[in-house]
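Below is the file protein34.csv, which contains CSV, C-alpha atoms.
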chain,number,residue,atom,x,y,z
A,1,MET,CA,83.3,88.3,65.2
A,2,ALA,CA,86.7,89.8,64.7
A,3,LYS,CA,89.2,87.7,62.7
A,4,ILE,CA,93.0,87.7,63.0
A,5,THR,CA,94.6,89.1,59.8
A,6,LYS,CA,96.7,87.0,57.5
A,7,LYS,CA,99.7,89.2,58.2
A,8,ARG,CA,99.5,88.5,62.0
A,9,LYS,CA,99.2,84.7,61.3
A,10,VAL,CA,102.3,84.8,59.1
A,11,THR,CA,104.2,86.7,61.7
A,12,TYR,CA,103.1,84.2,64.4
A,13,TYR,CA,104.3,81.2,62.3
A,14,ILE,CA,107.6,83.0,61.4
A,15,GLY,CA,108.2,83.4,65.2
A,16,ILE,CA,107.5,79.7,65.7
A,17,GLY,CA,110.0,78.9,62.9
A,18,MET,CA,112.6,81.1,64.5
A,19,MET,CA,112.1,79.4,67.9
A,20,VAL,CA,112.5,75.9,66.3
A,21,LEU,CA,115.6,76.9,64.4
A,22,GLY,CA,117.1,78.4,67.6
A,23,PHE,CA,116.3,75.3,69.6
A,24,ILE,CA,118.0,73.1,66.9
A,25,LEU,CA,121.1,75.3,66.9
A,26,PHE,CA,121.2,75.4,70.7
A,27,ILE,CA,120.8,71.6,71.1
A,28,SER,CA,123.3,70.8,68.3
A,29,VAL,CA,126.2,72.0,70.4
A,30,PHE,CA,125.5,69.3,72.9
A,31,PHE,CA,125.5,66.6,70.3
A,32,SER,CA,128.8,67.8,68.8
A,33,PHE,CA,130.2,68.1,72.3
A,34,ALA,CA,129.2,64.5,73.0
A,35,SER,CA,131.0,63.3,69.8
A,36,PHE,CA,134.0,65.4,70.8
A,37,MET,CA,134.2,63.8,74.2
A,38,SER,CA,133.8,60.3,72.8
A,39,ASN,CA,136.8,60.8,70.5
A,40,PRO,CA,138.8,63.8,71.6
A,41,PHE,CA,142.0,62.9,69.7
A,42,GLU,CA,140.5,62.8,66.2
A,43,GLY,CA,141.3,66.4,65.6
A,44,SER,CA,137.8,67.8,65.2
A,45,GLY,CA,138.6,70.5,67.7
A,46,THR,CA,136.3,71.9,70.4
A,47,PRO,CA,132.7,72.4,69.6
A,48,SER,CA,131.6,75.9,68.6
A,49,PHE,CA,129.5,77.5,71.3
A,50,THR,CA,128.5,80.3,69.0
A,51,ASN,CA,125.7,78.0,67.7
A,52,SER,CA,124.3,77.9,71.3
A,53,ILE,CA,124.4,81.6,71.7
A,54,LEU,CA,122.9,82.2,68.2
A,55,GLY,CA,120.3,79.6,69.1
A,56,MET,CA,119.3,81.4,72.3
A,57,VAL,CA,119.1,84.7,70.5
A,58,LEU,CA,116.8,83.1,67.9
A,59,ILE,CA,114.6,81.5,70.6
A,60,ILE,CA,114.2,84.9,72.4
A,61,ALA,CA,113.6,86.8,69.1
A,62,GLY,CA,111.2,84.1,67.9
A,63,SER,CA,109.1,84.3,71.1
A,64,ILE,CA,108.9,88.1,70.7
A,65,VAL,CA,107.9,87.8,67.0
A,66,MET,CA,105.3,85.1,67.9
A,67,ASN,CA,103.8,87.2,70.7
A,68,ILE,CA,103.5,90.2,68.3
A,69,GLY,CA,101.9,87.9,65.7
A,70,ALA,CA,99.4,86.5,68.2
A,71,LYS,CA,98.4,89.7,70.0
A,72,GLY,CA,99.4,92.4,67.5
A,73,THR,CA,101.8,95.3,68.1
A,74,ALA,CA,99.6,97.1,70.6
A,75,GLY,CA,98.2,94.0,72.2
A,76,SER,CA,101.7,92.6,72.9
A,77,GLY,CA,102.8,95.9,74.5
A,78,LEU,CA,105.2,97.0,71.7
A,79,LEU,CA,103.0,99.9,70.8
A,80,LEU,CA,101.4,101.9,73.6
A,81,ASP,CA,98.0,102.7,72.2
A,82,PRO,CA,95.0,101.5,74.3
A,83,ASP,CA,92.5,101.8,71.5
A,84,LYS,CA,94.6,99.8,69.1
A,85,ALA,CA,95.3,97.3,71.9
A,86,ARG,CA,91.6,96.8,72.4
A,87,GLU,CA,91.2,96.2,68.6
A,88,ASP,CA,94.2,93.8,68.5
A,89,LEU,CA,92.9,91.7,71.4
A,90,LYS,CA,89.3,91.7,70.3
A,91,PRO,CA,89.3,88.2,68.8
A,92,PHE,CA,90.7,86.8,72.1
A,93,ASN,CA,88.2,88.7,74.2
A,94,GLU,CA,85.3,87.6,72.1
A,95,ALA,CA,86.5,84.0,72.4
A,96,LYS,CA,86.8,84.3,76.1
A,97,GLY,CA,83.3,85.8,76.4
A,98,GLY,CA,81.9,82.9,74.3
A,99,MET,CA,83.6,80.4,76.6
A,100,ILE,CA,82.2,82.1,79.7
A,101,ASN,CA,78.7,82.2,78.2
A,102,ASP,CA,79.0,78.4,77.5
A,103,VAL,CA,79.8,77.8,81.1
A,104,ILE,CA,77.1,80.0,82.5
A,105,SER,CA,74.4,78.4,80.3
A,106,ASN,CA,75.2,75.0,81.9
A,107,ILE,CA,74.6,76.3,85.5
A,108,ASP,CA,71.0,75.7,86.7
A,109,VAL,CA,71.2,78.4,89.4
A,110,VAL,CA,72.0,81.1,86.8
A,111,ASP,CA,69.3,79.8,84.5
A,112,LYS,CA,66.8,80.3,87.4
A,113,ILE,CA,68.0,83.9,87.9
A,114,ILE,CA,67.9,84.7,84.1
A,115,LYS,CA,64.6,82.8,83.4
A,116,PRO,CA,62.6,83.0,86.7
A,117,ASN,CA,59.2,82.2,85.1
A,118,GLU,CA,60.3,78.7,84.0
A,119,GLU,CA,59.7,76.1,86.7
A,120,LYS,CA,61.7,73.0,87.2
A,121,GLU,CA,59.8,69.7,87.2
A,122,VAL,CA,59.1,68.7,90.8
A,123,ILE,CA,58.5,65.0,91.7
A,124,LYS,CA,56.3,64.2,94.7
A,125,ILE,CA,55.8,60.8,96.4
A,126,ARG,CA,52.3,59.8,97.7
A,127,CYS,CA,52.3,58.3,101.2
A,128,ARG,CA,50.7,54.7,101.2
A,129,SER,CA,49.1,55.3,104.6
A,130,CYS,CA,47.5,58.7,104.5
A,131,GLY,CA,47.9,59.6,100.8
A,132,SER,CA,49.6,63.0,101.3
A,133,LEU,CA,52.2,64.2,98.8
A,134,ASN,CA,55.8,64.4,100.0
A,135,ASP,CA,59.1,65.6,98.4
A,136,GLU,CA,61.1,63.1,96.3
A,137,ASP,CA,64.0,62.8,98.8
A,138,ALA,CA,61.8,62.5,101.9
A,139,LYS,CA,62.2,59.3,104.1
A,140,PHE,CA,59.1,59.8,106.2
A,141,CYS,CA,55.7,61.2,105.5
A,142,LYS,CA,55.3,64.9,106.6
A,143,SER,CA,51.7,64.2,107.7
A,144,CYS,CA,51.6,60.9,109.4
A,145,GLY,CA,55.3,60.3,110.0
A,146,LYS,CA,55.4,56.7,108.5
A,147,ASP,CA,58.2,55.4,106.3
A,148,LEU,CA,57.8,56.1,102.6

Translate the structure of the given file into structure tokens.
Amino acid sequence: MAKITKKRKVTYYIGIGMMVLGFILFISVFFSFASFMSNPFEGSGTPSFTNSILGMVLIIAGSIVMNIGAKGTAGSGLLLDPDKAREDLKPFNEAKGGMINDVISNIDVVDKIIKPNEEKEVIKIRCRSCGSLNDEDAKFCKSCGKDL
């Protein structure tokens, strides 16, 4: 199974850090604006909206860096190389294939198609009147027609 390199993991976490820092900068403007509105004559001045702009830039740049860290340069579309993209996305494709195999193994119909020689246990009910065998979910005997 392919592993994600340490360099990509570090890049991913740097992207998350940039997004968190950008969010804090962006939201800080609203808190300083609220304090300005509650006491406008204190001389603190208007809140600086450059923090919000810088915060938005950091959020966008952080999401790009995080995407590159998660999917690699070719997997994220930054580098146009199909072979490298396949290699970058290999851990995710293998994980998806494993999940699909887990789901398929839980389906009885697919198991019958894959393993046709294995028979499922069949339960039959004997009629009290005539003694013939009937299916488990039958309500009436197939031979004599009486209630089971």

Nearest to Ile60 of chain A, chosen from A:Met19, A:Leu79, A:Leu89, A:Ile100, with all atoms listed in the file counted in the distances: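 Using all atoms listed in the file, the shortest distance to Ile60 of chain A belongs to A:Met19.
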
Find the residues around Lys142 of chain A up to 12 Å (all atoms listed in the file counted), leave out those fewer than 2 positions away in its own chain, and share them as a count of residues only. 21

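Proximity to Lys3 of chain A was assessed for A:Gly22, A:Glu121, A:Ala70, A:Ser143 counting only C-alpha atoms; the smallest distance is recorded for A:Ala70.
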
Quick check, in Å to one decimal: how far apart do atom CA of Phe26 of chain A and atom CA of Gly55 of chain A lie?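 Separation of atom CA of Phe26 of chain A and atom CA of Gly55 of chain A: 4.6 Å.
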
If I take atom CA of Glu87 of chain A and atom CA of Val20 of chain A, how far is one from the other in Å, to one decimal? 29.5 Å

Rank nothing, just name the residue among A:Val57, A:Met99, A:Gly72, A:Ser48 nearest to Thr5 of chain A, using all atoms listed in the file.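 Answer, going by the shortest atom-to-atom distance: A:Gly72.
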
Report as an NGL selection string all protein, DNA and RNA residues lying within 9 Å of segment 6-18 of chain A, evaluated on only C-alpha atoms, omitting residues in the same chain fewer than 6 positions from it. :A and (58-72)

Could you jot down the atom CA of Met56 of chain A to atom CA of Gly75 of chain A separation for me, Å, one decimal place?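 Interatomic distance here is 24.6 Å.
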
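Residue nearest Asn51 of chain A within the list A:Cys141, A:Val122, A:Ala85, A:Ile27: A:Ile27 [criterion: smallest interatomic distance, only C-alpha atoms].
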